[in-house]
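Data block for start_15.pdb (PDB, C-alpha atoms and all ligand atoms):
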ATOM      1  CA  MET A   1     106.937 115.324  30.011
ATOM      2  CA  SER A   2     110.640 115.585  30.722
ATOM      3  CA  GLY A   3     111.779 117.599  27.718
ATOM      4  CA  ALA A   4     112.266 121.321  27.323
ATOM      5  CA  ILE A   5     111.605 123.926  24.660
ATOM      6  CA  LEU A   6     113.873 126.600  23.226
ATOM      7  CA  VAL A   7     112.124 129.174  21.051
ATOM      8  CA  ILE A   8     114.416 131.101  18.728
ATOM      9  CA  SER A   9     113.160 134.190  16.923
ATOM     10  CA  GLY A  10     114.769 137.045  15.068
ATOM     11  CA  PRO A  11     114.523 138.896  11.783
ATOM     12  CA  SER A  12     114.922 136.895   8.620
ATOM     13  CA  GLY A  13     118.631 136.898   7.687
ATOM     14  CA  CYS A  14     120.017 137.388  11.221
ATOM     15  CA  GLY A  15     121.646 133.930  11.166
ATOM     16  CA  LYS A  16     119.239 131.574  12.970
ATOM     17  CA  SER A  17     119.588 128.735  10.441
ATOM     18  CA  SER A  18     123.387 129.140  10.277
ATOM     19  CA  LEU A  19     123.756 128.837  14.062
ATOM     20  CA  LEU A  20     121.339 125.894  14.186
ATOM     21  CA  SER A  21     123.047 123.968  11.402
ATOM     22  CA  GLU A  22     126.391 124.381  13.193
ATOM     23  CA  LEU A  23     124.776 123.039  16.374
ATOM     24  CA  PHE A  24     123.212 120.028  14.617
ATOM     25  CA  LYS A  25     126.566 119.093  13.030
ATOM     26  CA  HIS A  26     127.733 118.151  16.514
ATOM     27  CA  GLY A  27     124.760 115.898  17.343
ATOM     28  CA  GLY A  28     122.916 116.003  20.676
ATOM     29  CA  ASN A  29     119.545 115.116  22.097
ATOM     30  CA  TYR A  30     117.634 117.757  20.107
ATOM     31  CA  TYR A  31     114.458 117.732  18.127
ATOM     32  CA  PHE A  32     114.203 120.563  15.612
ATOM     33  CA  SER A  33     110.581 121.304  14.929
ATOM     34  CA  ILE A  34     110.159 121.425  11.154
ATOM     35  CA  SER A  35     107.462 123.929  10.359
ATOM     36  CA  THR A  36     104.854 123.801   7.636
ATOM     37  CA  THR A  37     104.603 126.781   5.325
ATOM     38  CA  THR A  38     102.750 128.087   2.303
ATOM     39  CA  ARG A  39     105.764 130.079   1.093
ATOM     40  CA  ALA A  40     107.602 128.938  -2.026
ATOM     41  CA  ILE A  41     110.560 126.615  -1.608
ATOM     42  CA  ARG A  42     113.930 128.423  -1.977
ATOM     43  CA  ASP A  43     116.896 127.193  -3.986
ATOM     44  CA  GLY A  44     118.870 124.822  -1.789
ATOM     45  CA  GLU A  45     115.959 124.010   0.550
ATOM     46  CA  LYS A  46     114.521 120.517   0.874
ATOM     47  CA  GLU A  47     110.998 119.295   1.579
ATOM     48  CA  GLY A  48     110.877 117.750   5.061
ATOM     49  CA  VAL A  49     114.268 119.199   6.020
ATOM     50  CA  ASP A  50     113.733 122.955   6.015
ATOM     51  CA  TYR A  51     109.942 122.987   5.899
ATOM     52  CA  TYR A  52     106.921 121.018   4.760
ATOM     53  CA  TYR A  53     105.579 123.033   1.837
ATOM     54  CA  ILE A  54     101.819 122.993   1.330
ATOM     55  CA  THR A  55      99.143 125.127  -0.335
ATOM     56  CA  LYS A  56      97.058 127.791   1.396
ATOM     57  CA  ASP A  57      93.948 125.551   1.161
ATOM     58  CA  GLU A  58      95.773 122.623   2.743
ATOM     59  CA  PHE A  59      97.086 124.887   5.506
ATOM     60  CA  GLU A  60      93.621 126.256   6.265
ATOM     61  CA  GLN A  61      92.288 122.680   6.396
ATOM     62  CA  GLY A  62      95.053 121.877   8.934
ATOM     63  CA  ILE A  63      93.980 124.852  11.059
ATOM     64  CA  LYS A  64      90.366 123.590  11.040
ATOM     65  CA  GLU A  65      91.507 120.120  12.082
ATOM     66  CA  GLY A  66      93.549 121.516  15.008
ATOM     67  CA  GLN A  67      96.859 120.164  13.686
ATOM     68  CA  PHE A  68      98.905 123.176  14.753
ATOM     69  CA  LEU A  69     100.332 123.947  18.160
ATOM     70  CA  GLU A  70     100.662 127.495  16.828
ATOM     71  CA  TYR A  71     100.587 129.211  13.473
ATOM     72  CA  ALA A  72     100.988 132.742  12.176
ATOM     73  CA  LYS A  73     100.952 134.782   9.014
ATOM     74  CA  VAL A  74     104.482 136.078   8.439
ATOM     75  CA  HIS A  75     105.424 138.117   5.362
ATOM     76  CA  ASP A  76     102.004 137.203   3.838
ATOM     77  CA  ASN A  77     102.535 133.438   4.112
ATOM     78  CA  TYR A  78     101.294 130.948   6.677
ATOM     79  CA  TYR A  79     103.828 129.221   8.928
ATOM     80  CA  GLY A  80     102.858 126.669  11.579
ATOM     81  CA  THR A  81     104.175 124.129  14.063
ATOM     82  CA  SER A  82     102.596 120.660  14.096
ATOM     83  CA  LEU A  83     101.549 119.549  17.551
ATOM     84  CA  LYS A  84     102.015 115.757  17.504
ATOM     85  CA  PRO A  85     105.782 115.410  16.820
ATOM     86  CA  VAL A  86     106.523 118.101  19.417
ATOM     87  CA  LEU A  87     104.590 116.259  22.127
ATOM     88  CA  SER A  88     106.315 112.976  21.338
ATOM     89  CA  ALA A  89     109.813 114.588  21.360
ATOM     90  CA  LEU A  90     109.029 116.203  24.724
ATOM     91  CA  SER A  91     107.909 112.870  26.149
ATOM     92  CA  GLU A  92     111.275 111.417  25.029
ATOM     93  CA  GLY A  93     113.080 114.083  27.089
ATOM     94  CA  LYS A  94     114.421 115.975  24.098
ATOM     95  CA  LEU A  95     115.253 119.658  23.838
ATOM     96  CA  VAL A  96     112.731 120.823  21.261
ATOM     97  CA  ILE A  97     113.973 123.792  19.253
ATOM     98  CA  PHE A  98     111.606 126.107  17.401
ATOM     99  CA  ASP A  99     112.661 128.702  14.841
ATOM    100  CA  ILE A 100     109.443 130.705  14.872
ATOM    101  CA  ASP A 101     108.390 134.343  14.760
ATOM    102  CA  VAL A 102     107.409 136.641  17.639
ATOM    103  CA  GLN A 103     103.692 135.782  17.336
ATOM    104  CA  GLY A 104     104.427 132.056  17.564
ATOM    105  CA  HIS A 105     106.684 132.607  20.560
ATOM    106  CA  ALA A 106     103.865 134.347  22.469
ATOM    107  CA  ILE A 107     101.615 131.301  21.947
ATOM    108  CA  VAL A 108     104.248 128.696  22.874
ATOM    109  CA  LYS A 109     105.142 130.683  26.002
ATOM    110  CA  GLN A 110     101.473 130.700  26.995
ATOM    111  CA  LYS A 111     100.948 126.967  26.378
ATOM    112  CA  PHE A 112     104.244 125.625  27.780
ATOM    113  CA  SER A 113     105.350 128.388  30.172
ATOM    114  CA  ASP A 114     106.992 125.980  32.612
ATOM    115  CA  ILE A 115     109.441 124.433  30.140
ATOM    116  CA  THR A 116     110.032 127.220  27.614
ATOM    117  CA  THR A 117     113.193 129.301  27.246
ATOM    118  CA  SER A 118     113.339 132.071  24.670
ATOM    119  CA  LEU A 119     116.144 133.539  22.616
ATOM    120  CA  PHE A 120     116.057 136.494  20.260
ATOM    121  CA  ILE A 121     118.812 136.706  17.659
ATOM    122  CA  THR A 122     119.587 139.795  15.607
ATOM    123  CA  THR A 123     122.355 141.649  13.777
ATOM    124  CA  PRO A 124     124.251 144.654  15.203
ATOM    125  CA  THR A 125     122.393 146.993  12.791
ATOM    126  CA  LYS A 126     119.584 147.002  10.228
ATOM    127  CA  GLU A 127     122.114 147.776   7.495
ATOM    128  CA  ILE A 128     124.045 144.571   8.281
ATOM    129  CA  LEU A 129     120.784 142.615   8.124
ATOM    130  CA  LYS A 130     120.096 144.058   4.669
ATOM    131  CA  GLN A 131     123.611 143.185   3.478
ATOM    132  CA  ARG A 132     123.198 139.580   4.699
ATOM    133  CA  LEU A 133     119.841 139.192   2.960
ATOM    134  CA  ILE A 134     121.315 140.555  -0.276
ATOM    135  CA  LYS A 135     124.391 138.332   0.035
ATOM    136  CA  ARG A 136     122.247 135.241   0.757
ATOM    137  CA  ALA A 137     120.626 135.883  -2.630
ATOM    138  CA  THR A 138     117.533 133.770  -1.972
ATOM    139  CA  ASP A 139     114.953 136.551  -2.188
ATOM    140  CA  SER A 140     114.070 139.291  -4.655
ATOM    141  CA  MET A 141     114.692 142.924  -3.650
ATOM    142  CA  ASP A 142     110.930 143.364  -3.057
ATOM    143  CA  VAL A 143     110.872 140.411  -0.666
ATOM    144  CA  ILE A 144     114.009 141.720   1.082
ATOM    145  CA  GLU A 145     112.399 145.148   1.596
ATOM    146  CA  HIS A 146     109.290 143.444   2.994
ATOM    147  CA  ARG A 147     111.420 141.406   5.410
ATOM    148  CA  LEU A 148     113.312 144.510   6.542
ATOM    149  CA  LYS A 149     110.042 146.288   7.261
ATOM    150  CA  ASN A 150     108.842 143.289   9.269
ATOM    151  CA  ALA A 151     112.174 143.226  11.168
ATOM    152  CA  LYS A 152     111.286 146.556  12.776
ATOM    153  CA  TYR A 153     108.124 145.070  14.332
ATOM    154  CA  GLU A 154     109.995 141.979  15.494
ATOM    155  CA  MET A 155     112.786 144.088  17.058
ATOM    156  CA  ALA A 156     110.163 146.017  19.034
ATOM    157  CA  ARG A 157     109.303 142.780  20.884
ATOM    158  CA  ILE A 158     112.804 141.836  22.091
ATOM    159  CA  HIS A 159     111.792 142.512  25.703
ATOM    160  CA  GLU A 160     109.464 139.458  25.576
ATOM    161  CA  TYR A 161     112.558 137.199  25.386
ATOM    162  CA  GLU A 162     114.937 135.949  28.084
ATOM    163  CA  TYR A 163     118.154 135.930  26.028
ATOM    164  CA  LEU A 164     119.439 138.266  23.333
ATOM    165  CA  LEU A 165     122.217 137.231  20.979
ATOM    166  CA  ILE A 166     123.696 139.813  18.617
ATOM    167  CA  ASN A 167     125.154 137.731  15.832
ATOM    168  CA  ASP A 168     128.191 139.796  14.824
ATOM    169  CA  ASP A 169     131.297 137.573  14.659
ATOM    170  CA  PHE A 170     129.976 134.088  13.847
ATOM    171  CA  ASP A 171     132.395 132.005  15.945
ATOM    172  CA  LYS A 172     131.934 134.129  19.052
ATOM    173  CA  SER A 173     128.161 134.089  18.570
ATOM    174  CA  TYR A 174     128.180 130.322  18.205
ATOM    175  CA  GLN A 175     130.007 129.969  21.556
ATOM    176  CA  LYS A 176     127.373 132.142  23.230
ATOM    177  CA  PHE A 177     124.633 130.187  21.495
ATOM    178  CA  CYS A 178     126.001 126.936  22.962
ATOM    179  CA  SER A 179     126.039 128.500  26.448
ATOM    180  CA  ILE A 180     122.365 129.395  26.069
ATOM    181  CA  ILE A 181     121.575 125.834  24.958
ATOM    182  CA  ASP A 182     123.362 124.489  28.070
ATOM    183  CA  ALA A 183     121.526 126.938  30.348
ATOM    184  CA  THR A 184     118.207 125.905  28.779
ATOM    185  CA  ARG A 185     118.879 122.287  29.648
ATOM    186  CA  LEU A 186     119.778 123.187  33.237
ATOM    187  CA  LYS A 187     116.617 125.185  33.845
ATOM    188  CA  ILE A 188     114.336 123.720  36.500
ATOM    189  CA  SER A 189     110.714 123.044  35.631
ATOM    190  CA  SER A 190     108.287 122.969  38.557
ATOM    191  CA  GLY A 191     106.858 119.560  37.544
ATOM    192  CA  GLU A 192     110.272 117.928  37.648
ATOM    193  CA  ILE A 193     111.506 119.607  40.816
ATOM    194  CA  ASP A 194     108.511 118.380  42.853
ATOM    195  CA  LYS A 195     109.315 114.810  41.811
ATOM    196  CA  PHE A 196     112.990 115.330  42.648
ATOM    197  CA  ILE A 197     112.260 116.756  46.120
ATOM    198  CA  GLN A 198     109.919 113.859  46.915
ATOM    199  CA  ASN A 199     112.498 111.257  45.929
ATOM    200  CA  TRP A 200     115.519 113.034  47.414
TER     201      TRP A 200
HETATM  202  P1  LIG B   1     118.034 133.232   9.067
HETATM  203  O1  LIG B   1     117.938 131.751   9.227
HETATM  204  O2  LIG B   1     117.925 133.960  10.373
HETATM  205  O3  LIG B   1     117.065 133.783   8.044
HETATM  206  P2  LIG B   1     120.613 132.661   7.785
HETATM  207  O4  LIG B   1     121.228 131.689   8.732
HETATM  208  O5  LIG B   1     120.041 132.160   6.497
HETATM  209  O6  LIG B   1     119.515 133.584   8.534
HETATM  210  O7  LIG B   1     121.742 133.774   7.495
HETATM  211  C1  LIG B   1     121.559 134.796   6.513
HETATM  212  C2  LIG B   1     122.877 134.994   5.756
HETATM  213  O8  LIG B   1     123.844 135.568   6.646
HETATM  214  C3  LIG B   1     123.478 133.682   5.247
HETATM  215  O9  LIG B   1     124.019 133.937   3.953
HETATM  216  C4  LIG B   1     124.576 133.370   6.263
HETATM  217  O10 LIG B   1     125.649 132.657   5.679
HETATM  218  C5  LIG B   1     125.025 134.752   6.722
HETATM  219  N1  LIG B   1     125.487 134.837   8.119
HETATM  220  C6  LIG B   1     124.994 134.206   9.215
HETATM  221  N2  LIG B   1     125.662 134.573  10.335
HETATM  222  C7  LIG B   1     126.611 135.440   9.940
HETATM  223  C8  LIG B   1     127.632 136.191  10.636
HETATM  224  N3  LIG B   1     127.808 136.094  11.963
HETATM  225  N4  LIG B   1     128.433 137.003   9.921
HETATM  226  C9  LIG B   1     128.264 137.131   8.568
HETATM  227  N5  LIG B   1     127.326 136.465   7.852
HETATM  228  C10 LIG B   1     126.496 135.629   8.528
HETATM  229  P1  LIG B   2     111.679 132.200   6.346
HETATM  230  O1  LIG B   2     110.660 132.435   5.262
HETATM  231  O2  LIG B   2     112.811 133.201   6.287
HETATM  232  O3  LIG B   2     112.148 130.764   6.416
HETATM  233  O4  LIG B   2     110.941 132.459   7.741
HETATM  234  C1  LIG B   2     110.276 133.660   7.964
HETATM  235  C2  LIG B   2     109.852 133.796   9.396
HETATM  236  O5  LIG B   2     108.890 132.805   9.750
HETATM  237  C3  LIG B   2     110.998 133.636  10.410
HETATM  238  O6  LIG B   2     110.872 134.696  11.350
HETATM  239  C4  LIG B   2     110.713 132.312  11.079
HETATM  240  O7  LIG B   2     111.174 132.298  12.414
HETATM  241  C5  LIG B   2     109.194 132.281  11.020
HETATM  242  N1  LIG B   2     108.639 130.920  11.145
HETATM  243  C6  LIG B   2     109.108 129.783  10.581
HETATM  244  N2  LIG B   2     108.347 128.731  10.925
HETATM  245  C7  LIG B   2     107.378 129.206  11.752
HETATM  246  C8  LIG B   2     106.285 128.584  12.460
HETATM  247  O8  LIG B   2     106.047 127.379  12.415
HETATM  248  N3  LIG B   2     105.500 129.403  13.185
HETATM  249  C9  LIG B   2     105.716 130.760  13.275
HETATM  250  N4  LIG B   2     104.896 131.465  14.052
HETATM  251  N5  LIG B   2     106.731 131.371  12.632
HETATM  252  C10 LIG B   2     107.554 130.607  11.874
END

Turn this file's structure into structure tokens for me.
Ligand code: ADP
Ligand code: 5GP
Amino acid sequence: MSGAILVISGPSGCGKSSLLSELFKHGGNYYFSISTTTRAIRDGEKEGVDYYYITKDEFEQGIKEGQFLEYAKVHDNYYGTSLKPVLSALSEGKLVIFDIDVQGHAIVKQKFSDITTSLFITTPTKEILKQRLIKRATDSMDVIEHRLKNAKYEMARIHEYEYLLINDDFDKSYQKFCSIIDATRLKISSGEIDKFIQNW
């Protein structure tokens, strides 16, 4: 496999999707892993673009059948990454990008340690995160409070990541984000370097 993986995590509302959609506007040899979830579709989201939306029973059937590379319960809903498309994107040499939570990151890191780079994104303060979630206006106040509570647990695991991006000014953050993407591509994996040394 000649591809690489970038795992992006961070509290809901920190700006992961915004940074990723800016990146995808400019093209590139990326594969964004579209997760499957049991959470309700939000206004403006599309099936097969943001997520694949399925029922809890269907998700649990998928778990039994071993369809997921990883899955986790986040904010009381299931979220999971399908294995097959990820393996085929890696075999095509793509940079596979995951927007998954801290639990999912731990599993991916364990399974693909050699080719995985990790990035944690957050806001300068919890108050700014709250303001962004309110301004986004996609969740009820109850859901927002739940997400803010969960953010505290996610923040406590920042040290498990290689890069930290504090998404304050968007344009400056996007520049830093692109630098991390470049560094991820330049990272050496032991499988590839052995081949390179032999042929050199
Ligand atoms: P996530 O994907 O991490 O849940 P989003 O990308 O949906 O977060 O961003 C949450 C909200 O914050 C959106 O309304 C988005 O437009 C806004 N946002 C993202 N980055 C910034 C930033 N640097 N400054 C101000 N608002 C931002
Ligand atoms: P949201 O409901 O805001 O789209 O996502 C909530 C959280 O679920 C985010 O932290 C996001 O990174 C995480 N998430 C999305 N897809 C997956 C997945 O496939 N696996 C895991 N473990 N987490 C996911």

Open item on the list: Here's the selection I'm unsure about, the PyMOL selection byres (((chain A and resi 22) around 12) and not hetatm); applied to the file above, which residues does it give, as an MDAnalysis selection string?
Closed with: chainID A and resid 15:21 23:28 170:171 173:175 177:178

Task: the PyMOL selection byres (((not hetatm)) within 6 of (chain B and resi 2)) applied to the shown file, residues as a list of chain:residue names - done: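 Taken on the displayed file, the PyMOL selection byres (((not hetatm)) within 6 of (chain B and resi 2)) yields the residues A:Ser9, A:Gly10, A:Pro11, A:Ser12, A:Ser35, A:Tyr71, A:Ala72, A:Val74, A:Tyr79, A:Gly80, A:Thr81, A:Asp99, A:Ile100, A:Asp101, A:Gln103, A:Gly104.
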
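Residue nearest ligand LIG 1 (chain B), chosen from A:Asn77, A:Thr184, A:Thr122, A:Ser189 and counting only C-alpha atoms and all ligand atoms: A:Thr122.
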
- [ ] Tell me which of A:His105, A:Arg42, A:Lys84, A:Lys149 sits closest to ligand LIG 1 (chain B), counting only C-alpha atoms and all ligand atoms.
- [x] A:Arg42

Could you pull the residues within 12 Å of Gln67 in chain A, counting all atoms listed in the file, minus those fewer than 5 positions along the same chain, as a PDB file with C-alpha atoms, keeping the file's coordinate frame?
ATOM      1  CA  SER A  35     107.462 123.929  10.359  1.00  0.00           C
ATOM      2  CA  THR A  36     104.854 123.801   7.636  1.00  0.00           C
ATOM      3  CA  GLU A  58      95.773 122.623   2.743  1.00  0.00           C
ATOM      4  CA  PHE A  59      97.086 124.887   5.506  1.00  0.00           C
ATOM      5  CA  GLU A  60      93.621 126.256   6.265  1.00  0.00           C
ATOM      6  CA  GLN A  61      92.288 122.680   6.396  1.00  0.00           C
ATOM      7  CA  GLY A  62      95.053 121.877   8.934  1.00  0.00           C
ATOM      8  CA  GLY A  80     102.858 126.669  11.579  1.00  0.00           C
ATOM      9  CA  THR A  81     104.175 124.129  14.063  1.00  0.00           C
ATOM     10  CA  SER A  82     102.596 120.660  14.096  1.00  0.00           C
ATOM     11  CA  LEU A  83     101.549 119.549  17.551  1.00  0.00           C
ATOM     12  CA  LYS A  84     102.015 115.757  17.504  1.00  0.00           C
ATOM     13  CA  PRO A  85     105.782 115.410  16.820  1.00  0.00           C
ATOM     14  CA  VAL A  86     106.523 118.101  19.417  1.00  0.00           C
TER      15      VAL A  86
END

Box time for ligand LIG 1 (chain B): axis-aligned, enclosing all its listed atoms, 6 Å extra on each side; report centre and edge lengths in Å to one decimal, as JSON.
{"center_x": 122.7, "center_y": 134.4, "center_z": 8.0, "size_x": 23.4, "size_y": 17.4, "size_z": 20.0}

Open item on the list: Can you spell out as a list in words the set of residues that the PyMOL selection byres (((chain A and resi 40) around 10) and not hetatm) selects in the structure I just provided?
Closed with: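 After applying the PyMOL selection byres (((chain A and resi 40) around 10) and not hetatm), what remains is Thr37, Thr38, Arg39, Ile41, Arg42, Asp43, Tyr53, Ile54, Thr55 and Asn77 of chain A.
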
Open item on the list: To one decimal place in Å, what is the distance between CA of Leu148 in chain A and CA of Lys130 in chain A?
Closed with: 7.1 Å

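Pairwise distance (CA of His159 in chain A, CA of Phe120 in chain A) equals 9.2 Å.
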
Open item on the list: To one decimal place in Å, what is the distance between CA of Leu165 in chain A and atom N4 of ligand LIG 1 (chain B)?
Closed with: 12.7 Å

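With only C-alpha atoms and all ligand atoms as the atoms that count, the residue of A:Leu186, A:Leu90, A:Ile134, A:Met155 with the shortest distance to ligand LIG 1 (chain B) is A:Ile134.
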